[in-house]
Amino acid sequence: MIRRLWPLVAAAIALGVDAYVLAGVLPEIADSLATTVAAVGLGVTAFTAAYALAGPLLSGTLIRGSTAGALLIALGVFNLGNLVTAVAPGIEVFLASRVITGAGAGVLTAVATAAAAAMAADHERGRAMAMVTFGLSTGTVAGVPVGMVIGHQLNWRWTMGLVVAVGLLGMGALAARARTIPALPASRGPAFTVLRSSRTLSGVTAAFLLGVASLGLYTYLLPMAEARGLEGWGFALVWAWGIGGVAGSALIGRPLDAHGPRALLLVLPAGLLASFAALWIFTSPAVWLVAAACWGAVGWASVPTLQQALTGDRPEQAMPVVAFQMAAMYLGSAAGAAAGSALLAGHVDPGDLPVWALVPAAVALLLTGRLAIAGPRPRVRRGVTPLVCHEAGGGGLSGG
């Protein structure tokens, strides 16, 4: 299965690099474009808004030609946007380029995840969707530090050149294996109809809240550590979070396929709560390293878990559901970062941000717990096929 999915994983890595790489070179971009860091930071807002709209609205239309064609178009738009970012002469072109990039990324994530699930046997769907998340987390973990080094040593435009190069490699991989990517069923009616299901709406809300808590708080990991007297551990903590995220997304697939998502819908948000509590209570470097790794692992592992829970009983709607889930997660990330900024502006100690993150994480746990309890127990098929999770009723779950 993994060999069939590697072009989709390569495309996801490109997206993972791009999603956060600009955060490490904002001052350099601001100086180069003769503007402020705050103005450049609007690029994140532009990317996120375009991502949230394009995924649900455009994915269904693009796949009507072919799935491979939709992926190549999305990745082409994504690469074009990043290329324009790299050569942007001013802030206006820069912000417009982030809209283009976000639109391509939104469609790419939704179609790639649904295609990965369609390429796998029923008892491997969890691993297939987790592989796309693995690509996202790997791109974030490996690409962002490398991009920062390139930006600081050379120029931020070379950082964006790295993103374009990774994107072109992903596009080549998709083109080479285009015939192996199956057609996806077109959605019946507008994509927004999937939100009529209370389960799906609850899952998308949980995705937003987990994005607020996990990815939003990650923005402030370094000032949090400094406030707790751990300023010398910042680099190690960033890597602990990242390695945890890669491990979590890589390893969650087999438990999902073997046991279904129900228990994990409770365990993963609870692990996030425990991690935040440890960061708030303790100041030991060892505790912080373990908590950061756990935080990264459960945060990224929750993405395919909610995807499997939401689409396991209706794979034909995987693409619009995943589109809304991922849009909600990225919107939550932006909202969490904005909330953290507002709290710091209100003179909240950075070391106390984890306790604030407990609030959205706790509400997310209530929602995922409700989804887990309401769902039927998975059926275990003994023998060659490990387990297929079938959820009864109309509607699915989603979240990130």
# chains A, B, ... in the order shown; residues from 1 in each chain; ligands from 1

$ closest_atom_pairs --of "segment 255-342 of chain A" --to "segment 136-139 of chain A" --cutoff "10 Å" --atoms "only C-alpha atoms" --output "Markdown table"
| residue | atom | partner | partner_atom | distance |
| --- | --- | --- | --- | --- |
| A:Gly296 | CA | A:Ser137 | CA | 9.3 |
| A:Ala297 | CA | A:Ser137 | CA | 9.9 |
| A:Trp300 | CA | A:Ser137 | CA | 7.2 |
| A:Ala301 | CA | A:Ser137 | CA | 9.9 |

$ residues_around --residues "Phe324 of chain A" --least-positions-apart "3" --cutoff "7 Å" --atoms "only C-alpha atoms" --output "short mmCIF file (atom, residue, chain, number, x, y, z; two decimals) with all heavy atoms, in the first residue's frame"
data_model
loop_
_atom_site.label_atom_id
_atom_site.label_comp_id
_atom_site.auth_asym_id
_atom_site.auth_seq_id
_atom_site.Cartn_x
_atom_site.Cartn_y
_atom_site.Cartn_z
N PRO A 56 -13.57 23.01 0.44
CA PRO A 56 -14.96 22.56 0.32
C PRO A 56 -15.64 22.97 -1.00
O PRO A 56 -16.46 22.22 -1.53
CB PRO A 56 -15.65 23.26 1.50
CG PRO A 56 -14.56 23.59 2.46
CD PRO A 56 -13.37 23.87 1.61
N VAL A 204 -16.45 18.64 12.95
CA VAL A 204 -15.78 19.82 12.38
C VAL A 204 -15.52 20.85 13.48
O VAL A 204 -14.46 21.49 13.51
CB VAL A 204 -16.63 20.42 11.24
CG1 VAL A 204 -16.10 21.78 10.81
CG2 VAL A 204 -16.65 19.46 10.05
N PRO A 320 -15.55 15.86 0.72
CA PRO A 320 -16.08 17.09 1.32
C PRO A 320 -15.95 17.11 2.83
O PRO A 320 -15.71 18.18 3.42
CB PRO A 320 -17.56 17.09 0.89
CG PRO A 320 -17.87 15.69 0.49
CD PRO A 320 -16.59 15.12 -0.03
N VAL A 321 -16.08 15.96 3.48
CA VAL A 321 -15.93 15.93 4.93
C VAL A 321 -14.51 16.30 5.34
O VAL A 321 -14.29 17.13 6.24
CB VAL A 321 -16.32 14.54 5.48
CG1 VAL A 321 -15.95 14.43 6.96
CG2 VAL A 321 -17.82 14.30 5.31
N ALA A 327 -10.12 22.45 6.81
CA ALA A 327 -10.35 23.89 6.84
C ALA A 327 -10.57 24.37 8.26
O ALA A 327 -10.03 25.40 8.69
CB ALA A 327 -11.56 24.24 5.96
N ALA A 328 -11.37 23.61 9.02
CA ALA A 328 -11.63 23.99 10.41
C ALA A 328 -10.35 23.95 11.24
O ALA A 328 -10.11 24.82 12.10
CB ALA A 328 -12.68 23.05 11.01
#

$ closest_residue --among "A:Ala88, A:Ala11, A:Leu154, A:Ala225" --to "Leu108 of chain A" --atoms "only C-alpha atoms"
A:Ala11

$ select_by_dssp --residues "segment 193-318 of chain A" --states "alpha helix (DSSP H)" --output "VMD selection string"
chain A and resid 198 to 210 216 to 218 221 to 227 234 to 251 253 to 259 262 to 281 285 to 311 318

$ write_last_selection --atoms "C-alpha atoms" --output "compact mmCIF listing (two decimals), in the first residue's frame"
# COMPACT_ATOMS: atom_id res chain seq x y z
CA SER A 198 -25.04 16.76 13.58
CA ARG A 199 -22.22 14.25 13.90
CA THR A 200 -20.25 15.87 11.09
CA LEU A 201 -20.90 19.34 12.47
CA SER A 202 -19.72 18.21 15.90
CA GLY A 203 -16.59 16.69 14.38
CA VAL A 204 -15.78 19.82 12.38
CA THR A 205 -16.26 21.91 15.53
CA ALA A 206 -13.93 19.57 17.41
CA ALA A 207 -11.38 19.98 14.60
CA PHE A 208 -11.55 23.75 14.98
CA LEU A 209 -11.10 23.59 18.76
CA LEU A 210 -8.20 21.15 18.53
CA GLY A 216 -2.47 27.75 18.03
CA LEU A 217 -0.49 27.21 21.23
CA TYR A 218 2.50 25.87 19.29
CA LEU A 221 6.15 27.46 22.53
CA LEU A 222 9.38 29.47 22.74
CA PRO A 223 8.03 32.38 24.84
CA MET A 224 6.27 29.86 27.09
CA ALA A 225 9.55 28.05 27.71
CA GLU A 226 11.40 31.31 28.34
CA ALA A 227 8.80 32.36 30.91
CA GLY A 234 13.69 26.11 23.03
CA PHE A 235 15.30 24.33 20.08
CA ALA A 236 15.03 20.94 21.79
CA LEU A 237 11.37 21.54 22.64
CA VAL A 238 10.52 22.47 19.05
CA TRP A 239 12.12 19.25 17.85
CA ALA A 240 10.44 17.20 20.59
CA TRP A 241 7.05 18.51 19.47
CA GLY A 242 7.89 17.83 15.84
CA ILE A 243 9.28 14.35 16.33
CA GLY A 244 6.26 13.50 18.45
CA GLY A 245 4.01 14.71 15.64
CA VAL A 246 5.75 12.61 13.01
CA ALA A 247 5.69 9.55 15.25
CA GLY A 248 2.04 10.05 16.15
CA SER A 249 0.88 10.38 12.55
CA ALA A 250 3.06 7.47 11.43
CA LEU A 251 1.94 5.06 14.15
CA GLY A 253 -2.86 4.07 11.40
CA ARG A 254 -2.54 0.50 12.66
CA PRO A 255 -4.50 1.07 15.90
CA LEU A 256 -7.17 2.80 13.84
CA ASP A 257 -7.47 -0.17 11.49
CA ALA A 258 -7.26 -2.73 14.29
CA HIS A 259 -9.64 -1.20 16.81
CA ARG A 262 -13.90 5.19 19.21
CA ALA A 263 -11.39 4.79 22.05
CA LEU A 264 -8.91 7.11 20.37
CA LEU A 265 -11.53 9.86 20.19
CA LEU A 266 -11.31 9.91 23.99
CA VAL A 267 -7.64 9.09 24.54
CA LEU A 268 -6.07 11.63 22.18
CA PRO A 269 -7.81 14.83 23.40
CA ALA A 270 -7.26 13.61 26.98
CA GLY A 271 -3.55 13.29 26.19
CA LEU A 272 -3.57 16.87 24.92
CA LEU A 273 -5.14 18.04 28.19
CA ALA A 274 -2.53 16.15 30.21
CA SER A 275 0.30 17.65 28.15
CA PHE A 276 -0.93 21.22 28.65
CA ALA A 277 -1.42 20.64 32.37
CA ALA A 278 2.15 19.35 32.68
CA LEU A 279 3.52 22.39 30.85
CA TRP A 280 1.62 24.69 33.19
CA ILE A 281 2.45 22.94 36.46
CA PRO A 285 13.20 20.33 31.25
CA ALA A 286 12.60 16.58 31.20
CA VAL A 287 8.88 17.00 31.88
CA TRP A 288 8.61 19.68 29.24
CA LEU A 289 10.37 17.55 26.63
CA VAL A 290 8.04 14.62 27.31
CA ALA A 291 4.97 16.87 27.38
CA ALA A 292 5.97 18.57 24.11
CA ALA A 293 6.49 15.22 22.41
CA CYS A 294 3.14 13.93 23.69
CA TRP A 295 1.45 17.17 22.62
CA GLY A 296 2.80 16.84 19.08
CA ALA A 297 1.95 13.14 18.88
CA VAL A 298 -1.67 13.33 20.03
CA GLY A 299 -2.34 16.56 18.16
CA TRP A 300 -1.29 15.17 14.78
CA ALA A 301 -2.70 11.69 15.47
CA SER A 302 -6.14 13.20 16.07
CA VAL A 303 -6.33 14.29 12.40
CA PRO A 304 -6.66 10.82 10.76
CA THR A 305 -8.57 9.55 13.79
CA LEU A 306 -11.38 12.02 13.21
CA GLN A 307 -11.19 11.44 9.47
CA GLN A 308 -11.70 7.73 9.97
CA ALA A 309 -14.50 8.30 12.46
CA LEU A 310 -16.28 10.68 10.11
CA THR A 311 -15.90 8.79 6.84
CA ALA A 318 -14.78 11.47 2.34

$ residues_around --residues "Arg64 of chain A" --least-positions-apart "5" --cutoff "9 Å" --atoms "only C-alpha atoms" --output "ChimeraX atom specification"
/A:70,183-186

$ write_last_selection --atoms "C-alpha atoms" --output "PDB file, in the first residue's frame"
ATOM      1  CA  ALA A  70      -7.478  17.585  -9.838  1.00  0.00           C
ATOM      2  CA  ALA A 183     -11.573   8.195  -9.698  1.00  0.00           C
ATOM      3  CA  LEU A 184     -13.446   9.640  -6.734  1.00  0.00           C
ATOM      4  CA  PRO A 185     -17.242   9.829  -6.641  1.00  0.00           C
ATOM      5  CA  ALA A 186     -18.599  13.330  -7.233  1.00  0.00           C
TER       6      ALA A 186
END

$ closest_residue --among "A:Ala323, A:Val163, A:Leu53, A:Ala68" --to "Ala19 of chain A" --atoms "only C-alpha atoms"
A:Val163

$ residues_around --residues "Leu72 of chain A" --least-positions-apart "5" --cutoff "9 Å" --atoms "only C-alpha atoms" --output "PyMOL selection string"
chain A and resi 67+77+108+171+174-175+178

$ closest_residue --among "A:Ala364, A:Met131, A:Ala46, A:Leu58" --to "Ile100 of chain A" --atoms "only C-alpha atoms"
A:Ala46
